>>> print(open('my_file_33.json').read())   # JSON, C-alpha atoms
[["chain", "number", "residue", "atom", "x", "y", "z"],
["A", 755, "MET", "CA", 126.13, 92.52, 95.46],
["A", 756, "ALA", "CA", 129.39, 93.11, 93.59],
["A", 757, "GLY", "CA", 131.36, 95.82, 91.84],
["A", 758, "ASN", "CA", 129.75, 99.25, 91.71],
["A", 759, "GLY", "CA", 126.67, 97.94, 93.49],
["A", 760, "GLU", "CA", 128.73, 96.73, 96.45],
["A", 761, "LEU", "CA", 130.64, 100.02, 96.59],
["A", 762, "ALA", "CA", 127.41, 102.04, 96.56],
["A", 763, "TYR", "CA", 125.97, 99.82, 99.30],
["A", 764, "GLN", "CA", 129.03, 100.24, 101.50],
["A", 765, "GLN", "CA", 128.91, 104.01, 101.03],
["A", 766, "ARG", "CA", 125.25, 104.11, 102.07],
["A", 767, "LEU", "CA", 126.07, 101.88, 105.04],
["A", 768, "GLN", "CA", 128.73, 104.33, 106.17],
["A", 769, "GLU", "CA", 126.30, 107.22, 105.75],
["A", 770, "GLU", "CA", 123.71, 105.39, 107.82],
["A", 771, "ALA", "CA", 126.18, 104.73, 110.64],
["A", 772, "ARG", "CA", 127.48, 108.30, 110.52],
["A", 773, "PHE", "CA", 123.96, 109.73, 110.70],
["A", 774, "TRP", "CA", 123.18, 107.91, 113.96],
["A", 775, "ASP", "CA", 126.64, 108.32, 115.45],
["A", 776, "GLU", "CA", 126.64, 112.08, 114.93],
["A", 777, "ARG", "CA", 123.35, 112.43, 116.79],
["A", 778, "ALA", "CA", 124.62, 110.18, 119.59],
["A", 779, "GLU", "CA", 127.78, 112.27, 119.96],
["A", 780, "TRP", "CA", 125.77, 115.51, 120.11],
["A", 781, "LEU", "CA", 123.54, 114.03, 122.78],
["A", 782, "LEU", "CA", 126.54, 112.80, 124.76],
["A", 783, "SER", "CA", 128.18, 116.23, 124.56],
["A", 784, "SER", "CA", 125.06, 117.86, 126.04],
["A", 785, "GLY", "CA", 126.17, 116.77, 129.51],
["A", 786, "ARG", "CA", 122.76, 115.17, 130.16],
["A", 787, "VAL", "CA", 121.42, 111.63, 129.97],
["A", 788, "PRO", "CA", 118.68, 111.51, 127.32],
["A", 789, "LEU", "CA", 116.07, 108.79, 126.92],
["A", 790, "TRP", "CA", 118.09, 107.35, 124.03],
["A", 791, "PHE", "CA", 120.72, 106.26, 126.56],
["A", 792, "ASP", "CA", 118.72, 105.21, 129.62],
["A", 793, "HIS", "CA", 114.98, 105.51, 130.12],
["A", 794, "ARG", "CA", 115.28, 105.47, 133.91],
["A", 795, "ARG", "CA", 117.71, 108.38, 133.92],
["A", 796, "GLY", "CA", 116.27, 110.24, 130.94],
["A", 797, "GLU", "CA", 116.66, 114.03, 131.15],
["A", 798, "ASP", "CA", 115.21, 116.89, 129.14],
["A", 799, "VAL", "CA", 117.35, 117.81, 126.10],
["A", 800, "ARG", "CA", 114.90, 120.15, 124.37],
["A", 801, "PHE", "CA", 117.54, 122.86, 124.44],
["A", 802, "LEU", "CA", 119.47, 121.08, 121.66],
["A", 803, "PRO", "CA", 119.04, 122.56, 118.15],
["A", 804, "LEU", "CA", 116.53, 120.81, 115.92],
["A", 805, "ASP", "CA", 119.18, 119.70, 113.42],
["A", 806, "GLN", "CA", 121.00, 117.87, 116.20],
["A", 807, "LEU", "CA", 117.85, 116.05, 117.33],
["A", 808, "ARG", "CA", 117.46, 114.82, 113.72],
["A", 809, "GLY", "CA", 113.67, 114.60, 113.64],
["A", 810, "ALA", "CA", 113.28, 112.88, 117.01],
["A", 811, "GLY", "CA", 112.19, 115.85, 119.08],
["A", 812, "ILE", "CA", 109.52, 114.06, 121.10],
["A", 813, "ARG", "CA", 112.18, 111.92, 122.76],
["A", 814, "ALA", "CA", 113.95, 115.10, 123.85],
["A", 815, "ASN", "CA", 111.04, 115.71, 126.22],
["A", 816, "PRO", "CA", 110.78, 112.78, 128.67],
["A", 817, "VAL", "CA", 107.44, 113.91, 130.09],
["A", 818, "LEU", "CA", 105.64, 113.99, 126.74],
["A", 819, "TYR", "CA", 107.44, 110.91, 125.46],
["A", 820, "ARG", "CA", 106.23, 108.84, 128.39],
["A", 821, "LEU", "CA", 102.76, 110.34, 128.06],
["A", 822, "ILE", "CA", 102.56, 109.24, 124.41],
["A", 823, "TYR", "CA", 104.56, 106.01, 124.41],
["A", 824, "GLY", "CA", 104.76, 104.91, 128.04],
["A", 825, "ARG", "CA", 102.01, 102.27, 127.95],
["A", 826, "MET", "CA", 103.44, 100.78, 124.79],
["A", 827, "MET", "CA", 107.01, 100.67, 126.15],
["A", 828, "ASP", "CA", 105.88, 98.98, 129.36],
["A", 829, "SER", "CA", 103.97, 96.32, 127.41],
["A", 830, "ILE", "CA", 106.97, 95.58, 125.17],
["A", 831, "ILE", "CA", 109.31, 95.20, 128.13],
["A", 832, "ASP", "CA", 106.84, 93.05, 130.06],
["A", 833, "GLU", "CA", 106.25, 90.75, 127.09],
["A", 834, "ALA", "CA", 109.93, 90.50, 126.12],
["A", 835, "THR", "CA", 111.01, 89.57, 129.66],
["A", 836, "ARG", "CA", 108.16, 87.21, 130.52],
["A", 837, "ASN", "CA", 110.35, 84.12, 130.10],
["A", 838, "LYS", "CA", 113.85, 84.59, 131.44],
["A", 839, "GLY", "CA", 116.79, 83.73, 129.24],
["A", 840, "TYR", "CA", 118.39, 85.32, 126.19],
["A", 841, "ALA", "CA", 116.93, 88.29, 124.31],
["A", 842, "LEU", "CA", 118.10, 90.09, 121.18],
["A", 843, "ASP", "CA", 117.65, 93.82, 120.52],
["A", 844, "LEU", "CA", 117.97, 94.56, 116.80],
["A", 845, "GLY", "CA", 118.94, 98.13, 115.95],
["A", 846, "CYS", "CA", 119.62, 98.72, 119.65],
["A", 847, "GLY", "CA", 121.02, 102.22, 119.15],
["A", 848, "CYS", "CA", 122.41, 103.57, 122.41],
["A", 849, "GLY", "CA", 120.93, 100.64, 124.28],
["A", 850, "TRP", "CA", 117.98, 101.90, 126.32],
["A", 851, "LEU", "CA", 115.75, 98.88, 125.56],
["A", 852, "SER", "CA", 118.55, 96.36, 125.98],
["A", 853, "LEU", "CA", 119.31, 98.00, 129.31],
["A", 854, "GLU", "CA", 115.71, 97.70, 130.49],
["A", 855, "MET", "CA", 115.51, 94.03, 129.50],
["A", 856, "ALA", "CA", 118.79, 93.35, 131.33],
["A", 857, "ARG", "CA", 117.36, 95.07, 134.42],
["A", 858, "HIS", "CA", 114.55, 92.53, 134.26],
["A", 859, "GLY", "CA", 117.03, 89.66, 134.48],
["A", 860, "MET", "CA", 117.55, 88.93, 130.77],
["A", 861, "ASP", "CA", 120.86, 88.18, 129.06],
["A", 862, "VAL", "CA", 120.70, 90.61, 126.17],
["A", 863, "ASP", "CA", 122.55, 90.81, 122.86],
["A", 864, "GLY", "CA", 122.29, 94.26, 121.29],
["A", 865, "TYR", "CA", 123.19, 94.75, 117.62],
["A", 866, "ASP", "CA", 123.53, 98.07, 115.82],
["A", 867, "LEU", "CA", 125.34, 99.44, 112.79],
["A", 868, "ALA", "CA", 126.70, 102.59, 114.46],
["A", 869, "PRO", "CA", 129.94, 102.14, 116.45],
["A", 870, "LYS", "CA", 129.57, 105.25, 118.62],
["A", 871, "GLN", "CA", 126.09, 104.20, 119.67],
["A", 872, "ILE", "CA", 127.45, 100.81, 120.70],
["A", 873, "GLU", "CA", 130.17, 102.53, 122.76],
["A", 874, "ILE", "CA", 127.54, 104.56, 124.56],
["A", 875, "ALA", "CA", 125.39, 101.48, 125.15],
["A", 876, "ILE", "CA", 128.35, 99.67, 126.72],
["A", 877, "LYS", "CA", 129.10, 102.66, 128.96],
["A", 878, "PHE", "CA", 125.57, 102.95, 130.35],
["A", 879, "ALA", "CA", 125.16, 99.21, 130.77],
["A", 880, "ARG", "CA", 128.36, 99.11, 132.79],
["A", 881, "GLU", "CA", 127.20, 101.99, 134.96],
["A", 882, "ALA", "CA", 123.86, 100.28, 135.62],
["A", 883, "GLN", "CA", 125.43, 96.91, 136.38],
["A", 884, "GLU", "CA", 127.94, 98.45, 138.82],
["A", 885, "SER", "CA", 125.42, 100.76, 140.50],
["A", 886, "ALA", "CA", 124.40, 100.13, 144.10],
["A", 887, "GLU", "CA", 121.17, 102.06, 143.50],
["A", 888, "PRO", "CA", 118.28, 99.57, 143.06],
["A", 889, "LEU", "CA", 116.50, 101.73, 140.47],
["A", 890, "LEU", "CA", 119.53, 101.83, 138.19],
["A", 891, "HIS", "CA", 120.66, 98.23, 138.75],
["A", 892, "GLY", "CA", 117.35, 96.37, 138.83],
["A", 893, "ASP", "CA", 117.77, 92.61, 138.61],
["A", 894, "PHE", "CA", 120.63, 92.94, 136.14],
["A", 895, "GLY", "CA", 121.34, 90.00, 133.88],
["A", 896, "SER", "CA", 123.93, 90.85, 131.23],
["A", 897, "THR", "CA", 124.45, 92.80, 128.02],
["A", 898, "ASN", "CA", 126.56, 91.99, 125.00],
["A", 899, "TYR", "CA", 126.72, 94.75, 122.36],
["A", 900, "GLN", "CA", 128.12, 94.31, 118.87],
["A", 901, "VAL", "CA", 128.44, 96.38, 115.69],
["A", 902, "VAL", "CA", 126.49, 94.39, 113.10],
["A", 903, "ASP", "CA", 125.09, 95.07, 109.63],
["A", 904, "LEU", "CA", 121.61, 93.60, 110.02],
["A", 905, "ASN", "CA", 121.28, 93.16, 106.26],
["A", 906, "HIS", "CA", 123.82, 90.35, 106.51],
["A", 907, "ALA", "CA", 123.43, 89.23, 110.12],
["A", 908, "VAL", "CA", 123.71, 85.51, 110.86],
["A", 909, "LEU", "CA", 122.02, 84.62, 114.14],
["A", 910, "GLU", "CA", 122.52, 81.61, 116.38],
["A", 911, "ALA", "CA", 119.77, 79.02, 115.95],
["A", 912, "GLY", "CA", 117.31, 78.48, 118.81],
["A", 913, "LYS", "CA", 119.00, 80.89, 121.21],
["A", 914, "TYR", "CA", 116.43, 83.54, 122.10],
["A", 915, "GLU", "CA", 113.29, 83.67, 124.18],
["A", 916, "ALA", "CA", 112.52, 87.06, 122.61],
["A", 917, "VAL", "CA", 113.73, 89.25, 119.77],
["A", 918, "VAL", "CA", 112.76, 92.92, 119.78],
["A", 919, "SER", "CA", 113.07, 95.74, 117.28],
["A", 920, "MET", "CA", 111.94, 99.32, 117.84],
["A", 921, "GLY", "CA", 111.78, 101.20, 114.56],
["A", 922, "ALA", "CA", 114.71, 99.42, 112.90],
["A", 923, "LEU", "CA", 113.01, 97.12, 110.39],
["A", 924, "HIS", "CA", 112.13, 99.85, 107.90],
["A", 925, "HIS", "CA", 115.87, 100.58, 107.57],
["A", 926, "ILE", "CA", 116.70, 97.02, 106.48],
["A", 927, "GLN", "CA", 117.22, 96.52, 102.76],
["A", 928, "ARG", "CA", 117.36, 92.71, 102.97],
["A", 929, "LEU", "CA", 114.41, 92.40, 105.31],
["A", 930, "ASP", "CA", 113.46, 88.93, 104.06],
["A", 931, "HIS", "CA", 116.91, 87.66, 105.06],
["A", 932, "LEU", "CA", 116.77, 89.26, 108.50],
["A", 933, "LEU", "CA", 113.30, 87.89, 109.24],
["A", 934, "ASP", "CA", 114.45, 84.40, 108.26],
["A", 935, "GLU", "CA", 117.36, 84.76, 110.68],
["A", 936, "ILE", "CA", 115.06, 85.99, 113.45],
["A", 937, "HIS", "CA", 112.80, 82.98, 112.95],
["A", 938, "LYS", "CA", 115.80, 80.67, 113.07],
["A", 939, "SER", "CA", 117.17, 82.31, 116.22],
["A", 940, "LEU", "CA", 114.02, 81.98, 118.32],
["A", 941, "LYS", "CA", 113.35, 79.04, 120.60],
["A", 942, "PRO", "CA", 110.13, 77.11, 119.88],
["A", 943, "GLY", "CA", 107.31, 79.43, 120.92],
["A", 944, "GLY", "CA", 109.73, 82.36, 121.17],
["A", 945, "ARG", "CA", 108.36, 85.84, 120.53],
["A", 946, "PHE", "CA", 109.34, 88.56, 118.08],
["A", 947, "LEU", "CA", 108.14, 92.00, 119.16],
["A", 948, "PHE", "CA", 108.39, 95.11, 117.02],
["A", 949, "TYR", "CA", 107.09, 98.65, 116.66],
["A", 950, "GLU", "CA", 107.21, 100.07, 113.14],
["A", 951, "TYR", "CA", 105.86, 102.60, 110.70],
["A", 952, "VAL", "CA", 104.06, 100.60, 107.99],
["A", 953, "GLY", "CA", 102.20, 103.38, 106.19],
["A", 954, "TYR", "CA", 98.69, 104.78, 105.96],
["A", 955, "SER", "CA", 95.96, 102.75, 104.29],
["A", 956, "GLY", "CA", 92.28, 103.08, 103.42],
["A", 957, "LEU", "CA", 90.62, 106.20, 104.79],
["A", 958, "GLY", "CA", 93.75, 106.79, 106.86],
["A", 959, "LYS", "CA", 95.38, 108.22, 103.72],
["A", 960, "LEU", "CA", 93.32, 111.34, 104.30],
["A", 961, "PHE", "CA", 95.55, 112.21, 107.24],
["A", 962, "PRO", "CA", 98.88, 112.74, 105.43],
["A", 963, "LEU", "CA", 96.96, 114.71, 102.80],
["A", 964, "GLY", "CA", 95.60, 116.91, 105.56],
["A", 965, "PHE", "CA", 99.06, 117.27, 107.11],
["A", 966, "LYS", "CA", 100.48, 118.49, 103.82],
["A", 967, "MET", "CA", 97.68, 120.97, 103.31],
["A", 968, "ALA", "CA", 98.15, 122.29, 106.83],
["A", 969, "GLY", "CA", 101.92, 122.53, 106.42],
["A", 970, "ALA", "CA", 102.49, 120.57, 109.62],
["A", 971, "VAL", "CA", 104.27, 117.53, 108.18],
["A", 972, "PRO", "CA", 107.74, 116.77, 109.48],
["A", 973, "LYS", "CA", 110.36, 116.19, 106.82],
["A", 974, "LEU", "CA", 110.48, 112.51, 107.71],
["A", 975, "LEU", "CA", 106.79, 112.08, 106.92],
["A", 976, "ARG", "CA", 107.17, 113.94, 103.61],
["A", 977, "ARG", "CA", 109.88, 111.43, 102.74],
["A", 978, "MET", "CA", 107.63, 108.49, 103.65],
["A", 979, "THR", "CA", 104.69, 109.79, 101.65],
["A", 980, "GLY", "CA", 106.67, 110.32, 98.47],
["A", 981, "SER", "CA", 107.72, 113.94, 98.66],
["A", 982, "ALA", "CA", 111.23, 115.37, 98.51],
["A", 983, "ARG", "CA", 113.99, 113.57, 100.41],
["A", 984, "ALA", "CA", 114.38, 114.94, 103.92],
["A", 985, "VAL", "CA", 117.76, 116.36, 104.83],
["A", 986, "GLU", "CA", 117.64, 114.69, 108.25],
["A", 987, "SER", "CA", 116.83, 111.24, 106.87],
["A", 988, "SER", "CA", 119.29, 108.41, 107.25],
["A", 989, "ALA", "CA", 120.54, 106.65, 104.12],
["A", 990, "PHE", "CA", 118.17, 103.67, 104.46],
["A", 991, "GLU", "CA", 115.16, 105.55, 105.85],
["A", 992, "GLY", "CA", 111.90, 103.87, 104.79],
["A", 993, "VAL", "CA", 113.60, 101.41, 102.44],
["A", 994, "SER", "CA", 111.27, 98.53, 103.36],
["A", 995, "HIS", "CA", 108.33, 99.83, 105.40],
["A", 996, "GLY", "CA", 105.80, 98.73, 102.75],
["A", 997, "GLN", "CA", 106.95, 95.10, 103.00],
["A", 998, "ILE", "CA", 107.09, 94.59, 106.74],
["A", 999, "LEU", "CA", 103.64, 93.18, 107.46],
["A", 1000, "ASP", "CA", 103.52, 90.83, 104.47],
["A", 1001, "LEU", "CA", 106.98, 89.42, 105.16],
["A", 1002, "VAL", "CA", 106.32, 88.98, 108.89],
["A", 1003, "GLN", "CA", 102.94, 87.30, 108.41],
["A", 1004, "THR", "CA", 104.36, 84.70, 106.02],
["A", 1005, "ARG", "CA", 106.94, 83.61, 108.62],
["A", 1006, "PHE", "CA", 105.33, 83.99, 112.05],
["A", 1007, "SER", "CA", 102.09, 83.33, 113.87],
["A", 1008, "VAL", "CA", 100.54, 86.63, 114.95],
["A", 1009, "GLN", "CA", 99.78, 86.81, 118.67],
["A", 1010, "GLY", "CA", 98.78, 90.47, 118.74],
["A", 1011, "MET", "CA", 98.86, 93.42, 116.36],
["A", 1012, "GLU", "CA", 97.75, 96.95, 117.24],
["A", 1013, "PHE", "CA", 97.71, 99.87, 114.80],
["A", 1014, "LEU", "CA", 98.42, 103.22, 116.42],
["A", 1015, "PHE", "CA", 98.73, 106.98, 116.07],
["A", 1016, "LEU", "CA", 96.82, 108.47, 113.17],
["A", 1017, "PHE", "CA", 98.21, 111.92, 113.86],
["A", 1018, "LEU", "CA", 99.58, 112.29, 117.40],
["A", 1019, "PRO", "CA", 103.38, 111.99, 116.81],
["A", 1020, "VAL", "CA", 103.13, 113.98, 113.58],
["A", 1021, "VAL", "CA", 101.32, 116.88, 115.20],
["A", 1022, "VAL", "CA", 103.48, 116.93, 118.33],
["A", 1023, "SER", "CA", 106.64, 116.91, 116.19],
["A", 1024, "GLY", "CA", 105.45, 119.05, 113.30],
["A", 1025, "LEU", "CA", 104.05, 121.82, 115.52],
["A", 1026, "ARG", "CA", 106.92, 121.39, 118.01],
["A", 1027, "ILE", "CA", 104.52, 120.96, 120.89],
["A", 1028, "TYR", "CA", 107.29, 119.12, 122.72],
["A", 1029, "ARG", "CA", 109.11, 122.46, 123.11],
["A", 1030, "LEU", "CA", 106.22, 124.14, 124.93],
["A", 1031, "PRO", "CA", 106.13, 124.44, 128.75],
["A", 1032, "HIS", "CA", 104.62, 121.35, 130.36],
["A", 1033, "THR", "CA", 101.74, 123.41, 131.76],
["A", 1034, "LEU", "CA", 100.60, 123.86, 128.15],
["A", 1035, "SER", "CA", 101.90, 120.76, 126.40],
["A", 1036, "VAL", "CA", 100.72, 118.07, 128.83],
["A", 1037, "PRO", "CA", 96.97, 118.87, 128.78],
["A", 1038, "LEU", "CA", 97.14, 119.48, 125.03],
["A", 1039, "VAL", "CA", 98.80, 116.13, 124.34],
["A", 1040, "ARG", "CA", 96.37, 114.33, 126.64],
["A", 1041, "SER", "CA", 93.47, 115.74, 124.63],
["A", 1042, "LEU", "CA", 95.11, 114.88, 121.30],
["A", 1043, "ARG", "CA", 95.91, 111.37, 122.55],
["A", 1044, "TRP", "CA", 92.28, 110.80, 123.49],
["A", 1045, "ILE", "CA", 91.03, 111.95, 120.07],
["A", 1046, "ASP", "CA", 93.63, 109.85, 118.24],
["A", 1047, "GLY", "CA", 92.74, 106.79, 120.31],
["A", 1048, "ALA", "CA", 89.03, 107.29, 119.71],
["A", 1049, "LEU", "CA", 89.57, 107.46, 115.95],
["A", 1050, "THR", "CA", 91.79, 104.37, 115.77],
["A", 1051, "GLY", "CA", 89.45, 102.54, 118.15],
["A", 1052, "SER", "CA", 86.43, 103.28, 115.98],
["A", 1053, "GLY", "CA", 87.48, 100.70, 113.38],
["A", 1054, "ILE", "CA", 87.10, 103.25, 110.59],
["A", 1055, "PHE", "CA", 90.76, 104.29, 110.48],
["A", 1056, "ARG", "CA", 93.92, 102.19, 110.79],
["A", 1057, "GLY", "CA", 96.95, 103.87, 112.30],
["A", 1058, "PRO", "CA", 100.18, 103.77, 110.27],
["A", 1059, "TYR", "CA", 102.28, 102.48, 113.18],
["A", 1060, "VAL", "CA", 102.06, 98.88, 114.28],
["A", 1061, "LEU", "CA", 102.93, 97.28, 117.61],
["A", 1062, "ALA", "CA", 103.14, 93.55, 117.03],
["A", 1063, "VAL", "CA", 103.88, 90.39, 118.98],
["A", 1064, "VAL", "CA", 104.40, 87.33, 116.79],
["A", 1065, "ARG", "CA", 105.56, 83.79, 117.55],
["A", 1066, "LYS", "CA", 107.76, 81.26, 115.90]]
>>> encode(input="my_file_33.json", output="structure tokens")
Amino acid sequence: MAGNGELAYQQRLQEEARFWDERAEWLLSSGRVPLWFDHRRGEDVRFLPLDQLRGAGIRANPVLYRLIYGRMMDSIIDEATRNKGYALDLGCGCGWLSLEMARHGMDVDGYDLAPKQIEIAIKFAREAQESAEPLLHGDFGSTNYQVVDLNHAVLEAGKYEAVVSMGALHHIQRLDHLLDEIHKSLKPGGRFLFYEYVGYSGLGKLFPLGFKMAGAVPKLLRRMTGSARAVESSAFEGVSHGQILDLVQTRFSVQGMEFLFLFLPVVVSGLRIYRLPHTLSVPLVRSLRWIDGALTGSGIFRGPYVLAVVRK
């Protein structure tokens, strides 16, 4: 990129970093420790205004978040820390996943574009490492956080036992470059684990149509399905989600790939179920989770979110 193209790219990059940093600063100013910072200390931040949560309301409610995503998070952490050594967390944000891997004895590099998020990640990693409380310290290895533009990242060859990415790949404009670097950085047999939105397909396309008709679609989903740009969206939101699976499958050997959540996160976010009292929200979400799982497990519908483990 050069000239006006380079200038436009740098402006978008700054917007992207500012988007995430502003949310991180609001969360930090709440006086509580949200899941974004540390999953073991995660507190309820549902009291924050919706515009400050920036479309991530489910994570403001630790009880519902663990109910929806807990099994998946545990499996990612278990798989990523199976072989001790170095791990890389791409798009690490405020560091919760890096922190969990470090607590399992890994030496973790965490890369993110947003400087304030990296500051917060360093703060909470230091607190965990220095804590005398076993729950907070775990079997702490180490963390090394850096501000990095993943579109141009150059990774060390053969360094990592595992590379992980939770919802960052669809923000990467030069995804082919990043995936090549990930492949290069893994040790032989090393694993790349990611969770991503990859879009609805087949009969699953009936679901976003139904969401629109019902008026229950979050602004983020309207953006992903081709409607007006969402105010809360980051500058690179959804820039590459349609390419992820093809690009990954041409570079890696697939160990496991599970397609999830036909409607559960959309409904919980769009109808703001996460703001209800737990006496109402927990049984409701359990029922919705069962229905969603039955539909995706039927083989008729493919969920638009993928949890994948691939190997070099």
>>> residues_around(input="my_file_33.json", residues="Leu929 (chain A)", least_positions_apart="6", cutoff="9 Å", atoms="all atoms listed in the file", output="list in words")
Leu904, Asn905, Leu923, Ser994, Gln997, Ile998 and Leu1001 of chain A
>>> residues_around(input="my_file_33.json", residues="Gly992 (chain A)", least_positions_apart="3", cutoff="6 Å", atoms="all atoms listed in the file", output="PyMOL selection string")
chain A and resi 924-925+995
>>> residues_around(input="my_file_33.json", residues="Tyr949 (chain A)", least_positions_apart="3", cutoff="6 Å", atoms="all atoms listed in the file", output="ChimeraX atom specification")
/A:920-921,1060-1061
>>> write_last_selection(input="my_file_33.json", atoms="C-alpha atoms", output="mmCIF file, in the coordinates of the input")
data_model
loop_
_atom_site.group_PDB
_atom_site.id
_atom_site.type_symbol
_atom_site.label_atom_id
_atom_site.label_comp_id
_atom_site.auth_asym_id
_atom_site.auth_seq_id
_atom_site.Cartn_x
_atom_site.Cartn_y
_atom_site.Cartn_z
ATOM 1 C CA MET A 920 111.940 99.320 117.840
ATOM 2 C CA GLY A 921 111.780 101.200 114.560
ATOM 3 C CA VAL A 1060 102.060 98.880 114.280
ATOM 4 C CA LEU A 1061 102.930 97.280 117.610
#
>>> closest_residue(input="my_file_33.json", among="A:Met967, A:Val817, A:Val952, A:Leu932", to="Arg1005 (chain A)", atoms="all atoms listed in the file")
A:Leu932
>>> closest_residue(input="my_file_33.json", among="A:Phe1017, A:Tyr763, A:Tyr914, A:Phe801", to="Ala834 (chain A)", atoms="all atoms listed in the file")
A:Tyr914
>>> residues_around(input="my_file_33.json", residues="region 1039-1046 of chain A", least_positions_apart="6", cutoff="9 Å", atoms="only C-alpha atoms", output="ChimeraX atom specification")
/A:818,821-822,1014-1018,1021-1022,1027
>>> closest_residue(input="my_file_33.json", among="A:Val1064, A:Val901, A:Ala907, A:Ile831", to="Gly864 (chain A)", atoms="all atoms listed in the file")
A:Val901
>>> atom_distance(input="my_file_33.json", atom1="CA of Ile872 (chain A)", atom2="CA of Asp775 (chain A)")
9.2 Å
>>> residues_near_point(input="my_file_33.json", point="(111.0, 79.4, 112.0)", cutoff="10 Å", atoms="all atoms listed in the file", output="PyMOL selection string")
chain A and resi 911-912+933-944+1005-1007+1065-1066
>>> write_last_selection(input="my_file_33.json", atoms="C-alpha atoms", output="compact mmCIF listing (two decimals), in the coordinates of the input")
# COMPACT_ATOMS: atom_id res chain seq x y z
CA ALA A 911 119.77 79.02 115.95
CA GLY A 912 117.31 78.48 118.81
CA LEU A 933 113.30 87.89 109.24
CA ASP A 934 114.45 84.40 108.26
CA GLU A 935 117.36 84.76 110.68
CA ILE A 936 115.06 85.99 113.45
CA HIS A 937 112.80 82.98 112.95
CA LYS A 938 115.80 80.67 113.07
CA SER A 939 117.17 82.31 116.22
CA LEU A 940 114.02 81.98 118.32
CA LYS A 941 113.35 79.04 120.60
CA PRO A 942 110.13 77.11 119.88
CA GLY A 943 107.31 79.43 120.92
CA GLY A 944 109.73 82.36 121.17
CA ARG A 1005 106.94 83.61 108.62
CA PHE A 1006 105.33 83.99 112.05
CA SER A 1007 102.09 83.33 113.87
CA ARG A 1065 105.56 83.79 117.55
CA LYS A 1066 107.76 81.26 115.90
>>> closest_residue(input="my_file_33.json", among="A:Pro1058, A:Ile876, A:Ser1035, A:Arg766", to="Tyr954 (chain A)", atoms="only C-alpha atoms")
A:Pro1058
>>> closest_residue(input="my_file_33.json", among="A:Leu1038, A:Leu867, A:Leu963, A:Leu909", to="Gln768 (chain A)", atoms="only C-alpha atoms")
A:Leu867
>>> closest_residue(input="my_file_33.json", among="A:Gln1003, A:Ser852, A:Ser1023, A:Ser885", to="Tyr865 (chain A)", atoms="only C-alpha atoms")
A:Ser852
>>> residues_near_point(input="my_file_33.json", point="(128.6, 115.4, 120.5)", cutoff="12 Å", atoms="only C-alpha atoms", output="list in words")
Trp774, Asp775, Glu776, Arg777, Ala778, Glu779, Trp780, Leu781, Leu782, Ser783, Ser784, Gly785, Arg786, Leu802, Gln806, Leu807, Lys870, Gln871 and Ile874 of chain A
>>> residues_around(input="my_file_33.json", residues="Ala1062 (chain A)", least_positions_apart="2", cutoff="6 Å", atoms="only C-alpha atoms", output="list of chain:residue names")
A:Leu947, A:Phe948, A:Gly1010, A:Met1011
>>> atom_distance(input="my_file_33.json", atom1="CA of Gly759 (chain A)", atom2="CA of His906 (chain A)")
15.3 Å
>>> axis_aligned_box(input="my_file_33.json", around="region 922-926 of chain A", padding_each_side="4 Å", output="AutoDock Vina command-line options")
--center_x 114.4 --center_y 98.8 --center_z 109.7 --size_x 12.6 --size_y 11.6 --size_z 14.4
